[in-house]
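Trainee: First the structure, which I've put down as structure tokens, then a few questions once you've had a look.
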Amino acid sequence: MPSGGRATVLVKDLLDATGLCIRLLTSDQDALGRTLRWTYTTDLPDPSRYIAGGELVITGLVWRRTPADSEVFVRAVAESGASALAAGEGLLGHIPRDLIDACERHGLPLLAVPDNVSFGEVTEFLVGRVTGDRIASLNSSLVRHRQLLTAVADGRALDELALHTSRETGMACLIFTATGRRLVAEVVAFSDADVDTLTHAALSSERLPTTTTLSDGEPYSIFGIGPSLAQRTTRWFLAVAGDMDTFLPAISDAFGQLAAIAALDRARREEGRLVRREIADQAVALIEADSSRPEALTRLRQAAVDPDRPLVVIRIVHSGKVDLREMLRTVLSDTLTSFGGGCVGASTHGDIVAIVNTEDPYIAQTLRTRLSRLGSGIGRGRLLVGVSSEATGLTIDGALRSARHALDMSRQGTGPVTVTTGAQLTSAVSMLSALPDDVRRSFVEHVLAPLLEYDRRADAGLVDTLREFLATGGSWNRTADSLHVHLNTVRYRIKRVEELLGRDLGSTEDRLDVYLALQSIPRSSATGAA
């Protein structure tokens, strides 16, 4: 694998090594002068994603099932830039002719390793020769890393540093969050299944660092970034190709330096987030109180959301007894980074509200994918998420209610993470929530104004009784039991409601109007302004 220093091991040095008895099977003698920068042992049918160039690739031929497999394997190794291929004779007792021919066609030197020589001995020889140059290179690299600290503190160079460290060590790495968001450019492509595996290991292992294995059989070591006492669902993580127990000290130091710089970068970003947090909280509070006030939309713009563009409202809550709103705020902000960020603030209802400009029809699926990765780190509670249909500033109050209704529907789910969208709700309540705010307020005023005014003055509990009466399907007895009042009290209150509203709650049409109007006002403000 590549090294920042000048490696001194050549192919011919392996042939000359006492006790290894390695033989060259291909005919190109000029190949003896090729430089070997590192070693990589594999039996994957296609190991190209793990070859950076300059390696001695060592294989036990387990991948070979038919002669045709040799062409596929050799082409992948050669085109990835490996310097030579060493094949062990232990499995078959010889090196098959088809492998030799494939190496000849692709100009790849083929070395035969006798069955009495372990791959560990070959690796030890090569590493022993390269280590001096590698450690000198890494020490030099660490100096350069420290010089980059100032740039990282200013918000630059984390990508550059991660790529640089991977090239210096020859080991792919990835910095990621608990939701699977990649924080630096990837040296190799990680599938969603790979990221699922990495996040699960990061959140569920008893301690960090830990090692896990991806679907292709390659091990990855995972290290925590930042304070170890921090909740794992809000931490960053560093994954490095290979088993940490086999890392050279200098390589461990290089990735330790990378993790330290990443922690500094995270702290810088957190400072910026705390500055925006107060603005987001104020924006959510103003919009929930009265979205028609000009200052509500002004504060929303200050929170980096354009109310004139399409937007979506997301509400999230944890079902457990522990207050995890700060964790929810962090992971939701992290997830929405892919959509350009947004306003993420605390709601007066105890949940976290996010407002984000997006027309992406798959935002709910993205939330499911990323938040589901937190399943192993949220304990016995559940994450419940409601997503509104697309709205604008004119209908944002309805979007807030649509998201809250979807959040309530998520409580009926069973998994650790349930995401429900406004599009999944076909009830009249969800359709009403999509109306412009002034239209909905006018409807509430038309249906409930006398009742709300009476309850404001007399504090008679009529609105709460009406809610419970409708929720129980018009059952006098169940309403009385739920409110812990006498049956005659319920009858009196409902009769008074009908008198105030001029409605017959035995009529389906009147009952539906009253029910929809009630759903358009929050419970906490039933005795306040509609």
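Just remember, in the structure tokens the first chain shown is A, the second B, etc., residues are 1-based per chain, and ligands are 1-based in the order shown.
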Determine which residues of stretch 186-400 of chain A receive a DSSP assignment of strand (DSSP E), computed from the backbone, and state them as a ChimeraX atom specification.

Mentor: /A:210-213,219-225,236-241,311-318,343-346,352-357,383-387

Trainee: Can you write just those residues out, N, CA and C atoms, as a CSV table (one decimal), in the first residue's frame?

Mentor:
chain,number,residue,atom,x,y,z
A,210,THR,N,-14.0,-0.9,18.9
A,210,THR,CA,-14.4,-2.3,18.6
A,210,THR,C,-14.2,-2.6,17.2
A,211,THR,N,-14.3,-3.9,16.8
A,211,THR,CA,-14.1,-4.3,15.4
A,211,THR,C,-15.3,-5.0,14.9
A,212,THR,N,-15.7,-4.7,13.7
A,212,THR,CA,-16.9,-5.4,13.1
A,212,THR,C,-16.5,-5.9,11.7
A,213,THR,N,-17.3,-6.7,11.1
A,213,THR,CA,-17.0,-7.2,9.8
A,213,THR,C,-18.1,-6.8,8.8
A,219,PRO,N,-12.7,-6.7,7.9
A,219,PRO,CA,-12.9,-6.1,9.2
A,219,PRO,C,-12.7,-4.6,9.2
A,220,TYR,N,-13.4,-3.9,10.0
A,220,TYR,CA,-13.2,-2.5,10.2
A,220,TYR,C,-13.2,-2.2,11.7
A,221,SER,N,-12.3,-1.4,12.2
A,221,SER,CA,-12.2,-1.0,13.6
A,221,SER,C,-12.8,0.3,13.7
A,222,ILE,N,-13.6,0.5,14.8
A,222,ILE,CA,-14.4,1.7,15.0
A,222,ILE,C,-14.0,2.4,16.3
A,223,PHE,N,-13.7,3.6,16.2
A,223,PHE,CA,-13.2,4.4,17.4
A,223,PHE,C,-14.2,5.6,17.6
A,224,GLY,N,-14.4,5.9,18.9
A,224,GLY,CA,-15.3,7.1,19.2
A,224,GLY,C,-14.5,8.3,19.0
A,225,ILE,N,-15.2,9.4,18.7
A,225,ILE,CA,-14.6,10.7,18.5
A,225,ILE,C,-15.2,11.6,19.6
A,236,TRP,N,-19.6,11.3,17.1
A,236,TRP,CA,-19.0,11.0,15.8
A,236,TRP,C,-18.2,9.7,16.0
A,237,PHE,N,-17.9,9.0,14.9
A,237,PHE,CA,-17.1,7.8,14.9
A,237,PHE,C,-16.1,7.7,13.8
A,238,LEU,N,-15.0,7.0,14.0
A,238,LEU,CA,-14.0,6.8,13.0
A,238,LEU,C,-13.9,5.3,12.7
A,239,ALA,N,-14.1,4.9,11.5
A,239,ALA,CA,-13.9,3.5,11.1
A,239,ALA,C,-12.7,3.4,10.2
A,240,VAL,N,-11.9,2.4,10.6
A,240,VAL,CA,-10.6,2.2,9.9
A,240,VAL,C,-10.5,0.8,9.4
A,241,ALA,N,-10.2,0.6,8.1
A,241,ALA,CA,-10.1,-0.8,7.5
A,241,ALA,C,-9.0,-1.6,8.3
A,311,LEU,N,-41.9,23.9,2.0
A,311,LEU,CA,-41.3,23.4,3.3
A,311,LEU,C,-42.1,22.2,3.8
A,312,VAL,N,-41.4,21.5,4.7
A,312,VAL,CA,-42.0,20.4,5.4
A,312,VAL,C,-41.7,20.5,6.9
A,313,VAL,N,-42.7,20.2,7.7
A,313,VAL,CA,-42.6,20.2,9.2
A,313,VAL,C,-42.4,18.8,9.7
A,314,ILE,N,-41.4,18.6,10.6
A,314,ILE,CA,-41.2,17.3,11.2
A,314,ILE,C,-41.3,17.4,12.7
A,315,ARG,N,-41.9,16.5,13.3
A,315,ARG,CA,-42.0,16.5,14.8
A,315,ARG,C,-41.5,15.1,15.3
A,316,ILE,N,-40.7,15.1,16.3
A,316,ILE,CA,-40.1,13.9,16.8
A,316,ILE,C,-40.1,13.9,18.3
A,317,VAL,N,-40.4,12.7,18.9
A,317,VAL,CA,-40.4,12.6,20.3
A,317,VAL,C,-39.9,11.2,20.7
A,318,HIS,N,-39.3,11.1,21.9
A,318,HIS,CA,-38.9,9.8,22.4
A,318,HIS,C,-40.0,9.3,23.4
A,343,CYS,N,-34.6,24.7,10.4
A,343,CYS,CA,-34.8,25.2,11.8
A,343,CYS,C,-35.3,24.1,12.7
A,344,VAL,N,-34.5,23.8,13.7
A,344,VAL,CA,-34.8,22.7,14.6
A,344,VAL,C,-34.9,23.2,16.0
A,345,GLY,N,-36.1,23.3,16.6
A,345,GLY,CA,-36.3,23.9,17.9
A,345,GLY,C,-37.2,23.1,18.8
A,346,ALA,N,-37.3,23.4,20.0
A,346,ALA,CA,-38.1,22.7,21.0
A,346,ALA,C,-39.5,23.3,21.0
A,352,ILE,N,-39.7,17.8,19.6
A,352,ILE,CA,-38.8,18.7,18.8
A,352,ILE,C,-39.4,18.9,17.5
A,353,VAL,N,-39.4,20.1,17.0
A,353,VAL,CA,-40.0,20.5,15.7
A,353,VAL,C,-38.9,21.0,14.8
A,354,ALA,N,-38.9,20.4,13.5
A,354,ALA,CA,-38.0,20.9,12.5
A,354,ALA,C,-38.8,21.4,11.3
A,355,ILE,N,-38.3,22.5,10.8
A,355,ILE,CA,-38.9,23.1,9.6
A,355,ILE,C,-37.8,23.2,8.5
A,356,VAL,N,-38.0,22.6,7.4
A,356,VAL,CA,-36.9,22.5,6.4
A,356,VAL,C,-37.5,22.8,5.0
A,357,ASN,N,-36.8,23.6,4.2
A,357,ASN,CA,-37.2,23.8,2.9
A,357,ASN,C,-36.8,22.6,2.0
A,383,LEU,N,-38.6,6.0,19.1
A,383,LEU,CA,-38.6,7.3,18.4
A,383,LEU,C,-39.8,7.4,17.6
A,384,LEU,N,-40.6,8.4,17.8
A,384,LEU,CA,-41.9,8.6,17.1
A,384,LEU,C,-41.7,9.9,16.2
A,385,VAL,N,-42.0,9.8,15.0
A,385,VAL,CA,-41.8,10.9,14.0
A,385,VAL,C,-43.1,11.1,13.2
A,386,GLY,N,-43.4,12.4,13.1
A,386,GLY,CA,-44.5,12.8,12.2
A,386,GLY,C,-44.0,13.8,11.2
A,387,VAL,N,-44.4,13.6,9.9
A,387,VAL,CA,-43.9,14.5,8.8
A,387,VAL,C,-45.1,15.0,8.1

Trainee: Going by DSSP on the backbone, which residues of stretch 45-285 of chain A come out as helix (DSSP H, G or I)? List them as a PyMOL selection string.

Mentor: chain A and resi 48-50+68-79+97-106+119-153+158-169+192-204+232-234+244-246+249-285

Trainee: Could you jot down the atom CA of A:Arg23 to atom CA of A:Ala68 separation for me, Å, one decimal place?

Mentor: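 Atom-to-atom, atom CA of A:Arg23 and atom CA of A:Ala68 are spaced 23.6 Å apart.
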
Trainee: Pick from A:Asp98, A:Glu55, A:Asp459, A:Glu104: nearest to A:Thr26, with only C-alpha atoms counted?

Mentor: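 Looking at the shortest contact to A:Thr26, the residue is A:Glu104.
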
Trainee: Rank nothing, just name the residue among A:Thr337, A:Ser319, A:Thr395, A:Thr42 nearest to A:Gly413, using only C-alpha atoms.

Mentor: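 Residue with the minimum atom-to-atom distance to A:Gly413: A:Ser319.
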
Trainee: Excluding A:Leu214 and residues on its chain fewer than 5 positions from it, collect all residues at most 9 Å away from it, counting only C-alpha atoms, and give them as a PyMOL selection string.

Mentor: chain A and resi 193-195+197-198+219-220

Trainee: Show me, as a PyMOL selection string, the residues that have an atom within 7 Å of A:Gly377 when counting only C-alpha atoms, minus same-chain residues fewer than 5 positions from it.

Mentor: chain A and resi 203-204+232-233

Trainee: Applying 12 Å and only C-alpha atoms, which residues near A:Leu25 remain after dropping the ones on its own chain fewer than 6 positions away? List them as a PyMOL selection string.

Mentor: chain A and resi 15+31-32+84-87+94-104+107-113

Trainee: For the selection you just gave me, I'd like the residues written to a file as a short mmCIF file (atom, residue, chain, number, x, y, z; two decimals), in the first residue's frame, keeping C-alpha atoms.

Mentor:
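Heads up, here's the output in again_38.cif:
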data_model
loop_
_atom_site.label_atom_id
_atom_site.label_comp_id
_atom_site.auth_asym_id
_atom_site.auth_seq_id
_atom_site.Cartn_x
_atom_site.Cartn_y
_atom_site.Cartn_z
CA LEU A 15 13.21 -14.02 -3.94
CA ALA A 31 9.27 -6.95 -12.80
CA LEU A 32 11.91 -7.91 -10.22
CA ALA A 84 2.92 -8.30 -7.48
CA LEU A 85 0.81 -11.32 -6.56
CA ALA A 86 1.97 -14.06 -4.19
CA ALA A 87 -0.02 -17.31 -4.23
CA HIS A 94 0.75 -26.26 -6.71
CA ILE A 95 -0.01 -23.03 -8.54
CA PRO A 96 -2.52 -23.70 -11.37
CA ARG A 97 -1.48 -22.93 -14.93
CA ASP A 98 -4.53 -20.73 -15.55
CA LEU A 99 -3.36 -18.36 -12.80
CA ILE A 100 0.13 -18.14 -14.29
CA ASP A 101 -1.27 -17.45 -17.78
CA ALA A 102 -3.60 -14.74 -16.43
CA CYS A 103 -0.68 -13.01 -14.69
CA GLU A 104 1.37 -13.15 -17.89
CA GLY A 107 1.88 -8.15 -16.72
CA LEU A 108 1.55 -9.00 -13.03
CA PRO A 109 4.52 -10.77 -11.40
CA LEU A 110 3.39 -14.05 -9.81
CA LEU A 111 5.30 -15.47 -6.85
CA ALA A 112 4.83 -18.98 -5.46
CA VAL A 113 4.85 -19.32 -1.65
#

Trainee: Go through A:Ile175, A:Leu407, A:Ala162, A:Leu14 and flag the residue nearest A:Arg129, using only C-alpha atoms for the distances.

Mentor: A:Leu14

Trainee: Of the candidates A:Gln257, A:Ser27, A:Thr41, A:Ser80, which one gets nearest to A:Arg105 if we count only C-alpha atoms?

Mentor: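 Ranking A:Gln257, A:Ser27, A:Thr41, A:Ser80 by distance to A:Arg105, first place goes to A:Ser27.
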
Trainee: Near A:Ile494, within 12 Å and counting only C-alpha atoms, which residues show up once chain neighbours fewer than 6 positions away are dropped, as a ChimeraX atom specification?

Mentor: /A:451,460-470,474-476,479-480,487-488,500-506,511

Trainee: Let me see the file: selected residues, N, CA and C atoms, as a CSV table (one decimal), in the first residue's frame.

Mentor:
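Dumped to part30.csv:
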chain,number,residue,atom,x,y,z
A,451,LEU,N,-68.7,28.9,22.5
A,451,LEU,CA,-68.2,27.9,23.5
A,451,LEU,C,-66.9,28.4,24.1
A,460,ALA,N,-65.6,26.6,32.8
A,460,ALA,CA,-66.6,25.6,33.2
A,460,ALA,C,-66.2,24.2,32.7
A,461,GLY,N,-65.1,24.1,32.0
A,461,GLY,CA,-64.6,22.8,31.5
A,461,GLY,C,-65.5,22.2,30.4
A,462,LEU,N,-66.2,23.0,29.7
A,462,LEU,CA,-67.1,22.5,28.7
A,462,LEU,C,-66.3,21.9,27.5
A,463,VAL,N,-65.2,22.6,27.1
A,463,VAL,CA,-64.4,22.2,26.0
A,463,VAL,C,-63.8,20.8,26.2
A,464,ASP,N,-63.3,20.6,27.4
A,464,ASP,CA,-62.7,19.3,27.8
A,464,ASP,C,-63.7,18.2,27.8
A,465,THR,N,-64.9,18.6,28.3
A,465,THR,CA,-66.0,17.6,28.3
A,465,THR,C,-66.4,17.2,26.9
A,466,LEU,N,-66.5,18.2,26.1
A,466,LEU,CA,-66.9,18.0,24.7
A,466,LEU,C,-65.9,17.1,24.0
A,467,ARG,N,-64.6,17.4,24.2
A,467,ARG,CA,-63.5,16.6,23.6
A,467,ARG,C,-63.7,15.1,24.0
A,468,GLU,N,-63.9,14.9,25.3
A,468,GLU,CA,-63.9,13.5,25.8
A,468,GLU,C,-65.2,12.8,25.3
A,469,PHE,N,-66.3,13.6,25.2
A,469,PHE,CA,-67.6,13.0,24.8
A,469,PHE,C,-67.5,12.5,23.3
A,470,LEU,N,-66.8,13.3,22.5
A,470,LEU,CA,-66.6,13.0,21.0
A,470,LEU,C,-65.6,11.8,20.9
A,474,GLY,N,-69.6,9.5,21.9
A,474,GLY,CA,-70.9,10.0,22.4
A,474,GLY,C,-71.4,9.2,23.6
A,475,SER,N,-70.5,8.5,24.3
A,475,SER,CA,-70.9,7.7,25.4
A,475,SER,C,-70.9,8.5,26.7
A,476,TRP,N,-72.1,8.6,27.3
A,476,TRP,CA,-72.3,9.4,28.5
A,476,TRP,C,-71.5,8.7,29.7
A,479,THR,N,-67.6,8.9,29.2
A,479,THR,CA,-67.1,10.3,29.4
A,479,THR,C,-67.1,10.6,30.9
A,480,ALA,N,-68.2,10.2,31.6
A,480,ALA,CA,-68.2,10.4,33.1
A,480,ALA,C,-67.1,9.7,33.8
A,487,LEU,N,-72.6,11.2,36.1
A,487,LEU,CA,-73.3,11.1,34.8
A,487,LEU,C,-74.1,12.3,34.5
A,488,ASN,N,-74.9,12.8,35.5
A,488,ASN,CA,-75.7,14.0,35.2
A,488,ASN,C,-74.9,15.2,34.9
A,500,LEU,N,-75.1,26.7,23.5
A,500,LEU,CA,-74.1,27.7,23.1
A,500,LEU,C,-73.8,27.7,21.6
A,501,LEU,N,-73.6,26.5,21.1
A,501,LEU,CA,-73.2,26.4,19.7
A,501,LEU,C,-74.4,26.3,18.7
A,502,GLY,N,-75.6,26.1,19.2
A,502,GLY,CA,-76.7,26.0,18.3
A,502,GLY,C,-76.6,24.7,17.5
A,503,ARG,N,-76.1,23.7,18.0
A,503,ARG,CA,-75.8,22.4,17.3
A,503,ARG,C,-76.5,21.3,18.0
A,504,ASP,N,-76.8,20.2,17.2
A,504,ASP,CA,-77.3,19.0,17.8
A,504,ASP,C,-76.3,17.9,17.7
A,505,LEU,N,-75.7,17.6,18.8
A,505,LEU,CA,-74.5,16.6,18.7
A,505,LEU,C,-75.0,15.2,18.4
A,506,GLY,N,-76.3,15.0,18.3
A,506,GLY,CA,-76.8,13.7,17.9
A,506,GLY,C,-76.8,13.6,16.3
A,511,ARG,N,-72.0,17.0,14.5
A,511,ARG,CA,-70.9,16.4,15.3
A,511,ARG,C,-69.5,16.4,14.6
